[in-house]
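S.K.: Got a file for you: start35.pdb, PDB, C-alpha atoms (C1' of nucleotides).
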```pdb
MODEL        1
ATOM      1  CA  MET A   6      -2.244   1.998   7.325
ATOM      2  CA  PRO A   7      -1.167  -1.519   6.536
ATOM      3  CA  GLU A   8      -3.419  -3.176   3.981
ATOM      4  CA  LEU A   9      -2.447  -5.940   1.570
ATOM      5  CA  PRO A  10       0.285  -4.031  -0.332
ATOM      6  CA  GLU A  11       1.972  -2.889   2.868
ATOM      7  CA  VAL A  12       1.763  -6.333   4.482
ATOM      8  CA  GLU A  13       3.038  -7.979   1.307
ATOM      9  CA  THR A  14       5.968  -5.557   1.261
ATOM     10  CA  VAL A  15       6.759  -6.564   4.833
ATOM     11  CA  ARG A  16       6.355 -10.260   3.962
ATOM     12  CA  GLN A  17       8.895  -9.977   1.173
ATOM     13  CA  GLY A  18      11.350  -8.248   3.465
ATOM     14  CA  LEU A  19      10.936 -10.832   6.206
ATOM     15  CA  ALA A  20      11.235 -13.704   3.753
ATOM     16  CA  ARG A  21      14.568 -12.327   2.636
ATOM     17  CA  TRP A  22      15.994 -11.550   6.060
ATOM     18  CA  VAL A  23      14.502 -14.140   8.440
ATOM     19  CA  THR A  24      13.957 -17.354   6.474
ATOM     20  CA  GLY A  25      16.277 -20.143   7.577
ATOM     21  CA  ARG A  26      17.403 -18.418  10.777
ATOM     22  CA  ARG A  27      17.141 -20.035  14.209
ATOM     23  CA  ILE A  28      15.563 -18.080  17.036
ATOM     24  CA  GLU A  29      17.723 -17.893  20.121
ATOM     25  CA  SER A  30      15.369 -16.075  22.467
ATOM     26  CA  VAL A  31      12.245 -13.944  22.474
ATOM     27  CA  GLU A  32      11.589 -11.000  24.750
ATOM     28  CA  VAL A  33       7.965  -9.915  25.281
ATOM     29  CA  ARG A  34       8.005  -6.337  26.470
ATOM     30  CA  HIS A  35       4.266  -5.637  26.438
ATOM     31  CA  PRO A  36       1.615  -8.260  27.259
ATOM     32  CA  ARG A  37      -0.963  -6.731  24.961
ATOM     33  CA  ALA A  38       1.216  -7.515  21.943
ATOM     34  CA  VAL A  39       0.727 -11.257  22.605
ATOM     35  CA  ARG A  40      -2.841 -11.108  23.975
ATOM     36  CA  ARG A  41      -3.980 -13.557  21.269
ATOM     37  CA  HIS A  42      -1.502 -16.066  22.622
ATOM     38  CA  VAL A  43      -3.783 -17.374  25.348
ATOM     39  CA  ALA A  44      -1.035 -19.299  27.183
ATOM     40  CA  GLY A  45       0.722 -16.012  27.902
ATOM     41  CA  GLY A  46       3.945 -14.187  27.099
ATOM     42  CA  ALA A  47       6.278 -16.572  28.915
ATOM     43  CA  HIS A  48       4.861 -19.544  27.032
ATOM     44  CA  PHE A  49       5.098 -17.599  23.777
ATOM     45  CA  ALA A  50       8.807 -17.065  24.342
ATOM     46  CA  ASP A  51       9.362 -20.641  25.516
ATOM     47  CA  VAL A  52       7.926 -22.396  22.484
ATOM     48  CA  LEU A  53       9.875 -20.170  20.075
ATOM     49  CA  ALA A  54      13.326 -20.595  21.570
ATOM     50  CA  ASP A  55      15.561 -22.747  19.380
ATOM     51  CA  ARG A  56      13.040 -22.916  16.521
ATOM     52  CA  THR A  57      14.002 -22.244  12.914
ATOM     53  CA  VAL A  58      11.888 -20.039  10.626
ATOM     54  CA  LEU A  59      11.122 -21.931   7.419
ATOM     55  CA  ASP A  60       9.160 -19.354   5.417
ATOM     56  CA  VAL A  61       7.059 -16.189   5.608
ATOM     57  CA  CYS A  62       3.470 -16.475   4.361
ATOM     58  CA  ARG A  63       0.516 -14.117   4.116
ATOM     59  CA  ARG A  64      -3.239 -14.374   3.970
ATOM     60  CA  GLY A  65      -4.956 -11.019   3.591
ATOM     61  CA  LYS A  66      -3.400  -8.725   6.155
ATOM     62  CA  TYR A  67      -2.141 -11.604   8.321
ATOM     63  CA  LEU A  68       1.398 -12.960   8.218
ATOM     64  CA  TRP A  69       2.553 -16.299   9.503
ATOM     65  CA  LEU A  70       6.009 -17.822   9.864
ATOM     66  CA  PRO A  71       6.066 -21.631   9.649
ATOM     67  CA  LEU A  72       8.609 -23.148  12.042
ATOM     68  CA  ASP A  73      10.572 -26.400  12.045
ATOM     69  CA  SER A  74       8.370 -27.535  14.968
ATOM     70  CA  GLY A  75       5.255 -27.531  12.767
ATOM     71  CA  ASP A  76       3.934 -24.510  14.659
ATOM     72  CA  ALA A  77       3.796 -21.021  13.224
ATOM     73  CA  VAL A  78       4.152 -17.458  14.479
ATOM     74  CA  ILE A  79       1.072 -15.455  13.487
ATOM     75  CA  GLY A  80       1.430 -11.700  13.103
ATOM     76  CA  HIS A  81      -0.984  -8.848  12.417
ATOM     77  CA  LEU A  82       0.190  -5.252  12.160
ATOM     78  CA  GLY A  83      -3.157  -3.761  13.164
ATOM     79  CA  MET A  84      -3.132  -0.006  12.679
ATOM     80  CA  SER A  85       0.414   0.881  13.561
ATOM     81  CA  GLY A  86       2.464  -2.304  13.796
ATOM     82  CA  GLN A  87       5.938  -2.597  12.283
ATOM     83  CA  LEU A  88       8.236  -5.592  11.911
ATOM     84  CA  LEU A  89      11.752  -4.223  11.727
ATOM     85  CA  LEU A  90      15.156  -5.812  11.328
ATOM     86  CA  GLN A  91      17.622  -3.943  13.478
ATOM     87  CA  PRO A  92      21.213  -4.424  14.586
ATOM     88  CA  ALA A  93      21.331  -5.518  18.214
ATOM     89  CA  ALA A  94      23.173  -2.320  19.025
ATOM     90  CA  ALA A  95      20.346  -0.113  17.703
ATOM     91  CA  PRO A  96      18.517   1.687  20.525
ATOM     92  CA  ASP A  97      15.104   0.308  21.466
ATOM     93  CA  GLU A  98      12.193   1.988  19.723
ATOM     94  CA  PRO A  99       9.773   3.797  22.088
ATOM     95  CA  HIS A 100       7.008   1.315  21.263
ATOM     96  CA  LEU A 101       9.076  -1.854  21.018
ATOM     97  CA  ARG A 102       6.755  -4.705  22.072
ATOM     98  CA  VAL A 103       8.542  -7.950  21.145
ATOM     99  CA  ARG A 104      12.168  -8.716  20.282
ATOM    100  CA  PHE A 105      13.477 -11.850  18.533
ATOM    101  CA  ARG A 106      17.173 -12.640  18.835
ATOM    102  CA  PHE A 107      18.719 -15.197  16.485
ATOM    103  CA  THR A 108      21.511 -17.700  17.043
ATOM    104  CA  ASP A 109      23.582 -16.237  14.202
ATOM    105  CA  ASP A 110      23.867 -12.919  16.077
ATOM    106  CA  GLY A 111      22.578 -11.186  12.948
ATOM    107  CA  PRO A 112      19.916  -8.455  12.976
ATOM    108  CA  GLU A 113      17.115  -8.731  15.540
ATOM    109  CA  LEU A 114      13.491  -8.880  14.511
ATOM    110  CA  ARG A 115      11.488  -6.259  16.391
ATOM    111  CA  PHE A 116       7.722  -5.862  16.629
ATOM    112  CA  VAL A 117       7.050  -2.182  17.210
ATOM    113  CA  ASP A 118       3.465  -0.989  17.634
ATOM    114  CA  GLN A 119       2.335   2.364  18.935
ATOM    115  CA  ARG A 120      -1.413   1.717  19.186
ATOM    116  CA  THR A 121      -1.157  -1.982  20.041
ATOM    117  CA  PHE A 122      -3.992  -3.053  17.770
ATOM    118  CA  GLY A 123      -1.595  -5.534  16.211
ATOM    119  CA  GLY A 124      -0.118  -8.583  17.821
ATOM    120  CA  LEU A 125       1.750 -11.874  17.642
ATOM    121  CA  SER A 126       0.817 -15.395  18.720
ATOM    122  CA  VAL A 127       1.955 -18.967  18.140
ATOM    123  CA  SER A 128      -0.396 -21.285  16.290
ATOM    124  CA  GLU A 129       0.055 -24.890  17.334
ATOM    125  CA  GLY A 130       0.504 -27.047  14.230
ATOM    126  CA  GLY A 131      -0.290 -24.011  12.099
ATOM    127  CA  ALA A 132       2.595 -24.192   9.654
ATOM    128  CA  THR A 133       0.416 -24.875   6.593
ATOM    129  CA  LEU A 134      -2.399 -22.468   7.474
ATOM    130  CA  PRO A 135      -3.053 -21.459  11.071
ATOM    131  CA  ALA A 136      -6.556 -22.403  12.211
ATOM    132  CA  GLU A 137      -6.822 -18.962  13.794
ATOM    133  CA  ILE A 138      -6.873 -17.307  10.367
ATOM    134  CA  ALA A 139      -8.643 -19.997   8.354
ATOM    135  CA  HIS A 140     -11.773 -17.811   8.298
ATOM    136  CA  ILE A 141      -9.937 -15.130   6.296
ATOM    137  CA  ALA A 142     -10.795 -15.310   2.596
ATOM    138  CA  ARG A 143      -8.136 -15.553  -0.089
ATOM    139  CA  ASP A 144      -7.032 -12.212  -1.478
ATOM    140  CA  PRO A 145      -7.686 -11.193  -5.108
ATOM    141  CA  LEU A 146      -4.006 -11.609  -6.019
ATOM    142  CA  ASP A 147      -4.034 -15.238  -4.839
ATOM    143  CA  PRO A 148      -3.985 -17.563  -7.888
ATOM    144  CA  GLN A 149      -6.656 -19.670  -6.187
ATOM    145  CA  PHE A 150      -9.025 -16.742  -5.670
ATOM    146  CA  SER A 151     -12.229 -17.513  -7.567
ATOM    147  CA  ASP A 152     -13.685 -14.528  -9.401
ATOM    148  CA  ALA A 153     -16.914 -16.381 -10.135
ATOM    149  CA  ASP A 154     -17.414 -17.321  -6.488
ATOM    150  CA  PHE A 155     -16.697 -13.758  -5.427
ATOM    151  CA  VAL A 156     -19.257 -12.323  -7.847
ATOM    152  CA  THR A 157     -21.877 -14.759  -6.602
ATOM    153  CA  ALA A 158     -21.111 -14.156  -2.929
ATOM    154  CA  MET A 159     -21.055 -10.370  -3.337
ATOM    155  CA  ARG A 160     -24.418 -10.249  -5.078
ATOM    156  CA  ARG A 161     -25.924 -12.561  -2.474
ATOM    157  CA  ARG A 162     -25.038 -10.128   0.303
ATOM    158  CA  ARG A 163     -27.606  -7.676   1.566
ATOM    159  CA  THR A 164     -25.293  -4.875   2.527
ATOM    160  CA  GLU A 165     -23.425  -1.916   1.069
ATOM    161  CA  VAL A 166     -20.595  -2.484  -1.389
ATOM    162  CA  LYS A 167     -17.895  -0.827   0.714
ATOM    163  CA  ARG A 168     -18.836  -2.897   3.750
ATOM    164  CA  ALA A 169     -18.519  -5.989   1.573
ATOM    165  CA  LEU A 170     -15.056  -4.957   0.327
ATOM    166  CA  LEU A 171     -13.904  -4.521   3.920
ATOM    167  CA  ASP A 172     -15.290  -7.908   5.008
ATOM    168  CA  GLN A 173     -12.173 -10.085   5.249
ATOM    169  CA  THR A 174     -14.242 -13.264   5.125
ATOM    170  CA  LEU A 175     -15.478 -12.326   1.642
ATOM    171  CA  ILE A 176     -12.299 -10.866   0.126
ATOM    172  CA  SER A 177      -9.154 -10.184   2.128
ATOM    173  CA  GLY A 178      -6.444  -7.571   2.058
ATOM    174  CA  VAL A 179      -8.638  -4.563   1.271
ATOM    175  CA  GLY A 180      -8.843  -1.797   3.874
ATOM    176  CA  ASN A 181     -10.298   1.687   3.972
ATOM    177  CA  ILE A 182      -7.774   3.297   1.620
ATOM    178  CA  TYR A 183      -7.814   0.773  -1.217
ATOM    179  CA  ALA A 184     -11.569   0.264  -0.928
ATOM    180  CA  ASP A 185     -12.069   3.975  -1.595
ATOM    181  CA  GLU A 186      -9.562   3.950  -4.449
ATOM    182  CA  ALA A 187     -11.161   0.926  -6.138
ATOM    183  CA  LEU A 188     -14.668   2.355  -5.754
ATOM    184  CA  TRP A 189     -13.527   5.626  -7.324
ATOM    185  CA  ARG A 190     -12.014   3.772 -10.272
ATOM    186  CA  ALA A 191     -15.230   1.785 -10.651
ATOM    187  CA  GLY A 192     -17.430   4.864 -10.359
ATOM    188  CA  LEU A 193     -19.420   3.336  -7.505
ATOM    189  CA  HIS A 194     -20.477   4.999  -4.268
ATOM    190  CA  GLY A 195     -19.647   2.870  -1.237
ATOM    191  CA  THR A 196     -23.235   2.714  -0.050
ATOM    192  CA  ARG A 197     -24.505   1.048  -3.214
ATOM    193  CA  PRO A 198     -26.442  -2.074  -2.228
ATOM    194  CA  THR A 199     -24.561  -5.221  -3.197
ATOM    195  CA  ASP A 200     -27.656  -7.139  -4.239
ATOM    196  CA  ALA A 201     -28.476  -4.500  -6.860
ATOM    197  CA  LEU A 202     -25.076  -4.731  -8.594
ATOM    198  CA  THR A 203     -24.927  -6.631 -11.862
ATOM    199  CA  GLY A 204     -22.445  -9.439 -12.346
ATOM    200  CA  PRO A 205     -20.383  -7.408 -14.830
ATOM    201  CA  ALA A 206     -20.335  -4.453 -12.415
ATOM    202  CA  VAL A 207     -18.909  -6.666  -9.646
ATOM    203  CA  ARG A 208     -16.349  -8.059 -12.099
ATOM    204  CA  ARG A 209     -15.277  -4.554 -13.090
ATOM    205  CA  LEU A 210     -14.971  -3.550  -9.443
ATOM    206  CA  LEU A 211     -12.877  -6.642  -8.711
ATOM    207  CA  GLY A 212     -10.595  -5.747 -11.605
ATOM    208  CA  HIS A 213     -10.065  -2.277 -10.140
ATOM    209  CA  VAL A 214      -9.358  -3.743  -6.688
ATOM    210  CA  ARG A 215      -6.745  -5.992  -8.267
ATOM    211  CA  ASP A 216      -5.212  -3.122 -10.242
ATOM    212  CA  VAL A 217      -4.905  -0.751  -7.303
ATOM    213  CA  LEU A 218      -3.408  -3.435  -5.044
ATOM    214  CA  THR A 219      -0.905  -4.468  -7.707
ATOM    215  CA  GLU A 220       0.141  -0.895  -8.421
ATOM    216  CA  ALA A 221       0.558  -0.206  -4.711
ATOM    217  CA  ILE A 222       2.782  -3.261  -4.215
ATOM    218  CA  THR A 223       4.950  -2.062  -7.092
ATOM    219  CA  ALA A 224       5.272   1.288  -5.333
ATOM    220  CA  GLY A 225       6.251  -0.397  -2.076
ATOM    221  CA  GLY A 226       2.994   0.432  -0.281
ATOM    222  CA  THR A 227       1.333   3.617   0.913
ATOM    223  CA  SER A 228       2.465   5.785   3.772
ATOM    224  CA  PHE A 229       1.361   9.177   5.014
ATOM    225  CA  ASP A 230       3.933   9.357   7.766
ATOM    226  CA  ALA A 231       6.541   7.208   9.472
ATOM    227  CA  LEU A 232       3.913   4.934  11.009
ATOM    228  CA  TYR A 233       4.020   2.390   8.232
ATOM    229  CA  VAL A 234       7.423   1.286   7.002
ATOM    230  CA  ASN A 235       8.985  -1.810   5.502
ATOM    231  CA  VAL A 236      11.384  -4.028   7.429
ATOM    232  CA  ASN A 237      14.201  -1.571   6.756
ATOM    233  CA  GLY A 238      12.202   1.372   8.083
ATOM    234  CA  GLU A 239      11.530   2.858   4.643
ATOM    235  CA  SER A 240       8.172   4.281   3.517
ATOM    236  CA  GLY A 241       6.436   3.380   0.279
ATOM    237  CA  TYR A 242       5.341   6.119  -2.078
ATOM    238  CA  PHE A 243       1.955   4.966  -3.366
ATOM    239  CA  ASP A 244       0.300   7.856  -1.504
ATOM    240  CA  ARG A 245       1.398  10.013  -4.436
ATOM    241  CA  SER A 246      -0.871   7.903  -6.618
ATOM    242  CA  LEU A 247      -4.027   8.104  -4.504
ATOM    243  CA  ASN A 248      -6.979   9.589  -6.382
ATOM    244  CA  VAL A 249      -9.503  10.138  -3.595
ATOM    245  CA  TYR A 250      -8.275   8.981  -0.185
ATOM    246  CA  GLY A 251      -7.304  11.975   1.943
ATOM    247  CA  ARG A 252      -8.110  14.436  -0.878
ATOM    248  CA  GLU A 253     -11.192  16.166   0.580
ATOM    249  CA  GLY A 254     -11.936  19.393  -1.289
ATOM    250  CA  GLN A 255      -9.303  18.765  -3.971
ATOM    251  CA  PRO A 256     -10.410  18.353  -7.590
ATOM    252  CA  CYS A 257     -11.305  14.883  -8.851
ATOM    253  CA  ARG A 258      -8.571  13.773 -11.254
ATOM    254  CA  ARG A 259     -11.252  12.591 -13.681
ATOM    255  CA  CYS A 260     -13.881  15.329 -13.665
ATOM    256  CA  GLY A 261     -12.582  18.162 -11.474
ATOM    257  CA  ALA A 262     -15.409  18.110  -8.923
ATOM    258  CA  PRO A 263     -14.203  18.619  -5.339
ATOM    259  CA  ILE A 264     -13.688  15.301  -3.528
ATOM    260  CA  ARG A 265     -16.067  14.821  -0.613
ATOM    261  CA  ARG A 266     -15.511  13.149   2.714
ATOM    262  CA  GLU A 267     -18.314  11.320   4.481
ATOM    263  CA  ALA A 268     -18.490   9.477   7.791
ATOM    264  CA  PHE A 269     -19.070   5.796   7.146
ATOM    265  CA  MET A 270     -18.646   2.820   9.455
ATOM    266  CA  ASN A 271     -17.091   5.103  12.080
ATOM    267  CA  ARG A 272     -14.380   6.180   9.682
ATOM    268  CA  SER A 273     -13.874   8.480   6.710
ATOM    269  CA  SER A 274     -14.864   7.659   3.174
ATOM    270  CA  TYR A 275     -13.690   9.742   0.240
ATOM    271  CA  SER A 276     -15.455   9.860  -3.100
ATOM    272  CA  CYS A 277     -16.183  12.059  -6.103
ATOM    273  CA  PRO A 278     -19.717  13.495  -5.919
ATOM    274  CA  ARG A 279     -20.006  13.455  -9.719
ATOM    275  CA  CYS A 280     -18.285  10.187 -10.662
ATOM    276  CA  GLN A 281     -19.730   8.318  -7.673
ATOM    277  CA  PRO A 282     -23.261   9.566  -7.044
ATOM    278  CA  ARG A 283     -24.999   8.305  -3.937
ATOM    279  CA  PRO A 284     -27.566   5.648  -4.712
ATOM    280  CA  ARG A 285     -31.186   6.721  -4.708
ATOM    281  CA  ALA A 286     -33.193   5.405  -1.806
ATOM    282  CA  THR A 287     -33.446   1.726  -2.583
ATOM    283  CA  LEU A 288     -36.862   0.388  -3.477
ATOM    284  CA  ARG A 289     -37.041  -3.075  -2.075
ATOM    285  CA  GLY A 290     -40.100  -5.238  -1.802
TER     286      GLY A 290
ATOM    287  C1'  DC B   5     -26.467 -17.614   9.875
ATOM    288  C1'  DA B   6     -26.078 -12.673   8.493
ATOM    289  C1'  DT B   7     -25.511  -8.061   9.629
ATOM    290  C1'  DG B   8     -23.781  -4.082  11.960
ATOM    291  C1'  DA B   9     -22.572  -1.430  16.281
ATOM    292  C1'  DC B  10     -19.175  -1.244  19.620
ATOM    293  C1'  DT B  11     -14.557  -1.608  21.431
ATOM    294  C1'  DC B  12      -9.644  -1.833  21.957
ATOM    295  C1'  DC B  13      -5.232   1.897  21.800
ATOM    296  C1'  DT B  14      -1.844   6.104  21.438
ATOM    297  C1'  DG B  15      -0.231  10.455  20.053
ATOM    298  C1'  DG B  16      -0.525  14.186  16.632
ATOM    299  C1'  DA B  17      -3.767  17.735  15.302
ATOM    300  C1'  DT B  18      -7.182  20.855  16.495
ATOM    301  C1'  DG B  19      -9.987  24.024  19.350
ATOM    302  C1'  DC B  20     -10.908  27.171  23.020
TER     303       DC B  20
ATOM    304  C1'  DT C  16       0.549  28.466  26.400
ATOM    305  C1'  DG C  17      -1.965  24.674  28.129
ATOM    306  C1'  DC C  18      -5.436  21.639  28.579
ATOM    307  C1'  DA C  19      -9.297  18.965  26.607
ATOM    308  C1'  DT C  20     -11.142  16.793  22.773
ATOM    309  C1'  DC C  21     -11.040  14.708  18.310
ATOM    310  C1'  DC C  22      -9.385  11.487  15.053
ATOM    311  C1'  DA C  23      -6.967   7.597  12.547
ATOM    312  C1'  DG C  24      -9.086   2.278  11.653
ATOM    313  C1'  DG C  25      -8.464  -3.587  11.598
ATOM    314  C1'  DA C  26     -10.912  -7.050  13.380
ATOM    315  C1'  DG C  27     -12.846  -9.610  17.362
ATOM    316  C1'  DT C  28     -16.983  -9.680  20.170
ATOM    317  C1'  DC C  29     -21.619  -9.324  20.934
ATOM    318  C1'  DA C  30     -26.492  -7.934  20.199
ATOM    319  C1'  DT C  31     -30.207  -8.191  17.072
TER     320       DT C  31
ENDMDL
END
```
Kindly return the structure encoded in the file as structure tokens.
M.R.:
Amino acid sequence: MPELPEVETVRQGLARWVTGRRIESVEVRHPRAVRRHVAGGAHFADVLADRTVLDVCRRGKYLWLPLDSGDAVIGHLGMSGQLLLQPAAAPDEPHLRVRFRFTDDGPELRFVDQRTFGGLSVSEGGATLPAEIAHIARDPLDPQFSDADFVTAMRRRRTEVKRALLDQTLISGVGNIYADEALWRAGLHGTRPTDALTGPAVRRLLGHVRDVLTEAITAGGTSFDALYVNVNGESGYFDRSLNVYGREGQPCRRCGAPIRREAFMNRSSYSCPRCQPRPRATLRG
DNA sequence: CATGACTCCTGGATGC
DNA sequence: TGCATCCAGGAGTCAT
């Protein structure tokens, strides 16, 4: 599922293949893919025709493409979204939602999304940072991310540590897979209360988040199947490096105990019962 | 304001 | 074999 490393991999591919090209026309093939564009699909296509893509930027799991008009195309892959560069002659994908044709007659940009949780929209005047995603925190690989502020904000929360890692307004780019991996590396169970963590413990956890994201980018992202691919349709191979996610019943790579799976926030959480003991019932005043 | 439950969606896997 | 059900989860919305 696309988290920061997967989205960053896509960003790099788009930056290489789309920057500097002028859009000729846009075809919206499914209204849900542009549901965040309130003015509708026809307007979406209208304002993009004849515009040149200046850059490809990312905040957390969001992408945006600044245009020569000062607007920007915002994109989110959701659960199953793909941004693919394809020759015009390539057959349409079964879940093709939006097609961008360029004036140079080079490869088309296609937004393909089976589950339609993702989507595209145009942000008016959003070239620098779209207002629609200004609430998303910086990610831990951003040079301007403040470790000290993160430690303070995390310890001020009254929630569980995994919920905090998944809160994109606190730290962005982390999803279910990398949250579990970072918590395993840190030896913390996801239900540990944030306000009981020490400053050094939060700093250690942040270091592990950073490490796992960096390693995954190097590997080209994680993929369990063909659902997530880069702009050339290729899968990353970080799934070979996962220590807990999807490994229920298999031995912990640190201590050998069988990895457990628990329901958490309406999804699965994987952890080592020995390295990541559940917190005792919290005693709060 | 902070927190957390609910909801959107499709198709592969699973169960009877 | 076929049909029904479950499951994956990012993030906006809404209730508390």
S.K.: Going by the chain IDs and residue numbers used in this file, which residues fall under the PyMOL selection byres ((chain C and resi 30) around 12)? Write them as an MDAnalysis selection string.
M.R.: (chainID B and resid 7:10) or (chainID C and resid 28:29 31)
S.K.: Counting all atoms listed in the file, figure out which residue out of A:Asp185, A:Asp216, A:Asp118, A:Glu253 gets nearest to chain B.
M.R.: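 Closest to chain B, using all atoms listed in the file: A:Asp118.
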S.K.: Output as a ChimeraX atom specification the set of chain C residues within 12 Å of chain A, with distances taken over all atoms listed in the file.
M.R.: /C:22-27
S.K.: Could you state the separation of atom CA of A:Val214 and atom CA of A:Ala184 in Å, given to one decimal place?
M.R.: 7.4 Å
S.K.: What are the nearest atom pairs, with distances in Å to one decimal, for all residues of chain B that come at most 8 Å from chain A, using all atoms listed in the file, set out by chain and rising residue number as a tab-separated table?
M.R.:
```
residue	atom	partner	partner_atom	distance
B:DT7	C1'	A:Thr164	CA	7.8
B:DC12	C1'	A:Phe122	CA	7.1
B:DC13	C1'	A:Arg120	CA	4.6
B:DT14	C1'	A:Arg120	CA	5.0
```
S.K.: For A:Glu98, work out the shell of residues within 10 Å, counting only C-alpha atoms (C1' of nucleotides) and skipping chain neighbours fewer than 2 positions away, then give it as a list in words.
M.R.: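 Using only C-alpha atoms (C1' of nucleotides), the neighbours found are Ala95, Pro96, His100, Leu101, Arg102, Arg115, Phe116, Val117, Asp118 and Gln119 of chain A.
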S.K.: Given 6 Å on each side, where is the centre and what are the edge lengths in Å to one decimal of the axis-aligned box enclosing the listed atoms of stretch 26-29 of chain C, as AutoDock Vina command-line options?
M.R.:
```
--center_x -16.3 --center_y -8.4 --center_z 17.2 --size_x 22.7 --size_y 14.6 --size_z 19.6
```
S.K.: Quick one: residues within 12 Å of C:DA19, only C-alpha atoms (C1' of nucleotides), excluding same-chain residues fewer than 3 positions away - as a PyMOL selection string?
M.R.: chain B and resi 18-20
S.K.: Please save C-alpha atoms (C1' of nucleotides) of the selected residues as a PDB file, in the coordinates of the input.
M.R.:
```pdb
ATOM      1  C1'  DT B  18      -7.182  20.855  16.495  1.00  0.00           C
ATOM      2  C1'  DG B  19      -9.987  24.024  19.350  1.00  0.00           C
ATOM      3  C1'  DC B  20     -10.908  27.171  23.020  1.00  0.00           C
TER       4       DC B  20
END
```
S.K.: One number please: atom CA of A:Thr57 to atom CA of A:Pro71, in Å, one decimal.
M.R.: 8.6 Å
S.K.: Identify which of the residues A:Leu9, A:Val15, A:Leu210, A:Ala136 lies closest to A:Phe155, counting only C-alpha atoms when measuring atom-to-atom distances.
M.R.: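 Smallest separation from A:Phe155 among the options: A:Leu210.
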